[in-house]
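**Student:** To start, I am sharing the structure in question, which I have written as structure tokens.
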Amino acid sequence: MDSILQDGFGRSIDYLRMSVTDRCDFRCVYCMAEDMTFLPRQQVLELEELYRLAALFVGNGVKKIRLTGGEPLVRQGIVGLCEKIAVLPGLRELVMTSNGSQLVRMAQPLADAGVKRLNISLDSLDPARFRAITRTGDLAQVLAGIDAAVAAGFARIKLNTVVMQGRNAAEVLDLVDYAVNRGLDISFIEEMPLGDVGRSRGESYCSSDWVRERIAERYSLLDSTEQSGGPASYVRLKDFPESRIGFISPHSHNFCASCNRLRLTVEGRLLLCLGHEHSIDLRTLLRRYPETNQPLLSAIQVGLLHKPMRHEFSLDGEVQVLRFMNASGG
Ligand code: SAM
Ligand code: SF4
């Protein structure tokens, strides 16, 4: 079915990113403050409510769902939720973004549950630097998790790296080596100003063009027009045809014109754009109308008319969006 969800600019919405928890076992410096307060349990959608919303969106034309967070694998019952969403008629693929910390144990159950592809965050291959960026993470555990994911047979695995000057920018080539030697994709992300993380983001800003130039010092790059239905632009490497190298550039190459996505926070707020605060409160409607989805669908359709044309992030150190990334369905 074609999506009946359209915004005021005629963009069809066929991709939903659902945050299944705001909690996480890491405290990455670009995503969270060191001391985070998480949501009280009654404000968080129940698994049944998450499933009901997934079914509603897929029933109205959404073809791809990404489960994210927070760390989706710390949510109790996540595998069962995946099993149910994966078989919704009309859904093309269920995918997930994870920090990798639980994958040794959970990669195979997730693949068996019907999760088709995984994005795994990996910001450094140096244990001390990895710990400094994630504040609590154990690199060896994450690398073992990536191995487990490779063994579990996902259709594709992509690594995500947020590149920061003075932290991990010098590791770009090592990370590319690591990915291509395993036949994995890797995307480099420009840091976005979401939430007050206690420092100016401009200081560590690293443009995608800078990253691309570093990679070109070691590899022959082939431009690619491939799209994954996401905001990344891609290149391939002449000598490693299996892997794609992506660049997600919210600052330097704004990707809003073809935006096909919505984000659902774990409190049931539907975010129309990552760079704006405007949202629709679906939790209230879910709980007020347990028997019918029509009020939810009407609210979504009216809300979509307010989806902004584009986001505007700047690097001047001001926090433009008060939400932290872990609360946004990153
Ligand atoms: N915990 C999982 C993880 O880290 O992969 C999923 C949630 S996390 C919020 C999703 C993605 O957002 C990660 O790849 C992370 O690197 C990225 N991210 C978080 N904060 C960001 C920021 N301020 N700017 C750019 N990317 C960010
Ligand atoms: Fe947790 Fe992912 Fe945010 Fe890091 S980026 S703190 S792993 S939610």
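Every chain in the structure tokens has a letter given in the order shown (A, B, ...), and although residue numbers restart at 1 in each chain, ligands are simply numbered from 1 in the order shown.
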Using only C-alpha atoms, determine which residues lie at most 10 Å from Thr225 (chain A), disregarding the query and same-chain residues fewer than 3 positions distant; provide the list as an NGL selection string.

**Tutor:** :A and (222 or 233-235)

**Student:** Would you save the residues from that selection as a PDB file, in the first residue's frame, using N, CA and C atoms?

**Tutor:**
```pdb
ATOM      1  N   LEU A 222      34.890   5.712  -5.029  1.00  0.00           N
ATOM      2  CA  LEU A 222      34.003   5.737  -6.199  1.00  0.00           C
ATOM      3  C   LEU A 222      32.703   6.380  -5.755  1.00  0.00           C
ATOM      4  N   SER A 233      24.813  10.151   2.388  1.00  0.00           N
ATOM      5  CA  SER A 233      25.289   9.991   1.014  1.00  0.00           C
ATOM      6  C   SER A 233      26.440   8.990   1.080  1.00  0.00           C
ATOM      7  N   TYR A 234      26.649   8.271  -0.006  1.00  0.00           N
ATOM      8  CA  TYR A 234      27.578   7.138   0.058  1.00  0.00           C
ATOM      9  C   TYR A 234      28.697   7.231  -0.950  1.00  0.00           C
ATOM     10  N   VAL A 235      29.836   6.632  -0.616  1.00  0.00           N
ATOM     11  CA  VAL A 235      30.862   6.320  -1.613  1.00  0.00           C
ATOM     12  C   VAL A 235      31.198   4.831  -1.441  1.00  0.00           C
TER      13      VAL A 235
END
```

**Student:** Residues within 7 Å of ligand 1, counting only C-alpha atoms and all ligand atoms: report them as an mmCIF file with C-alpha atoms, in the first residue's frame.

**Tutor:**
```cif
data_model
loop_
_atom_site.group_PDB
_atom_site.id
_atom_site.type_symbol
_atom_site.label_atom_id
_atom_site.label_comp_id
_atom_site.auth_asym_id
_atom_site.auth_seq_id
_atom_site.Cartn_x
_atom_site.Cartn_y
_atom_site.Cartn_z
ATOM 1 C CA CYS A 24 21.102 3.317 28.214
ATOM 2 C CA TYR A 30 27.566 13.843 22.412
ATOM 3 C CA CYS A 31 24.282 12.237 23.430
ATOM 4 C CA THR A 68 16.261 2.689 18.674
ATOM 5 C CA GLY A 69 16.580 4.542 21.962
ATOM 6 C CA GLY A 70 18.374 5.010 24.336
ATOM 7 C CA GLU A 71 19.736 1.534 23.996
ATOM 8 C CA PRO A 72 16.931 -0.659 22.627
ATOM 9 C CA THR A 97 20.298 0.819 15.999
ATOM 10 C CA SER A 98 22.297 -0.420 18.995
ATOM 11 C CA ASN A 99 25.445 0.425 20.894
ATOM 12 C CA ASN A 119 23.381 -0.233 12.829
ATOM 13 C CA ILE A 120 26.003 -0.466 15.555
ATOM 14 C CA SER A 121 27.691 2.604 17.030
ATOM 15 C CA ASN A 160 28.006 4.538 12.967
ATOM 16 C CA THR A 161 30.744 6.912 14.064
ATOM 17 C CA VAL A 162 30.179 10.442 15.346
ATOM 18 C CA ILE A 189 28.097 11.456 11.364
ATOM 19 C CA GLU A 190 28.450 15.177 12.034
ATOM 20 C CA GLU A 191 27.506 15.858 15.646
ATOM 21 C CA MET A 192 24.088 17.461 16.091
ATOM 22 C CA PRO A 193 23.254 20.017 18.810
ATOM 23 C CA LEU A 194 20.593 18.083 20.725
ATOM 24 C CA MET A 325 19.331 12.467 21.394
ATOM 25 C CA ASN A 326 18.478 9.454 23.580
ATOM 26 C CA GLY A 329 14.728 8.119 18.682
ATOM 27 C CA GLY A 330 18.168 8.933 17.260
#
```

**Student:** Near Glu171 (chain A), within 12 Å and counting only C-alpha atoms, which residues show up once chain neighbours fewer than 2 positions away are dropped, as a ChimeraX atom specification?

**Tutor:** /A:122-126,129-130,161-169,173-178,188,211,214-215

**Student:** Using only C-alpha atoms, which of A:Asn181, A:Ser12, A:Gln141, A:Ser249 sits nearest Tyr205 (chain A)?

**Tutor:**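 With only C-alpha atoms as the atom set, the closest residue is A:Ser249.
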
**Student:** Kindly indicate which residue among A:Ile65, A:Ala128, A:Leu282, A:Cys28 lies nearest to ligand 2, using only C-alpha atoms and all ligand atoms for the distances.

**Tutor:**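 Closest candidate: A:Cys28.
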
**Student:** Which residue is closest to ligand 2? Choose from A:Arg92, A:Arg131, A:Arg156, A:Arg52 and count only C-alpha atoms and all ligand atoms.

**Tutor:** A:Arg131

**Student:** Hey, which of A:Leu271, A:Leu159, A:Leu139, A:Val302 ends up closest to Ser243 (chain A)? Count only C-alpha atoms.

**Tutor:**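 Looking at the shortest contact to Ser243 (chain A), the residue is A:Leu159.
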
**Student:** At a cut-off of 7 Å, using only C-alpha atoms, what residues contact Leu262 (chain A)? Leave out same-chain residues fewer than 3 positions from it and give the result as a ChimeraX atom specification.

**Tutor:** /A:15-17,270-273

**Student:** I need the residues in region 113-236 of chain A that are helix (DSSP H, G or I) according to DSSP; give them as a PyMOL selection string.

**Tutor:** chain A and resi 113+127-134+139-152+169-181+202-204+208-216

**Student:** Quick one: residues within 8 Å of Tyr219 (chain A), only C-alpha atoms, excluding same-chain residues fewer than 6 positions away - as a list of chain:residue names?

**Tutor:**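 Answer for this query is A:Leu237, A:Lys238, A:Asp239.
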
**Student:** Emit the selected residues as a PDB file, in the first residue's frame, including C-alpha atoms.

**Tutor:**
```pdb
ATOM      1  CA  LEU A 237      35.965   1.908  -2.256  1.00  0.00           C
ATOM      2  CA  LYS A 238      37.507   0.556  -5.427  1.00  0.00           C
ATOM      3  CA  ASP A 239      39.272  -2.322  -3.667  1.00  0.00           C
TER       4      ASP A 239
END
```

**Student:** Within 9 Å of Arg269 (chain A), counting only C-alpha atoms, which residues qualify if same-chain residues fewer than 2 places away don't, as a PyMOL selection string?

**Tutor:** chain A and resi 263-267+271+279-283
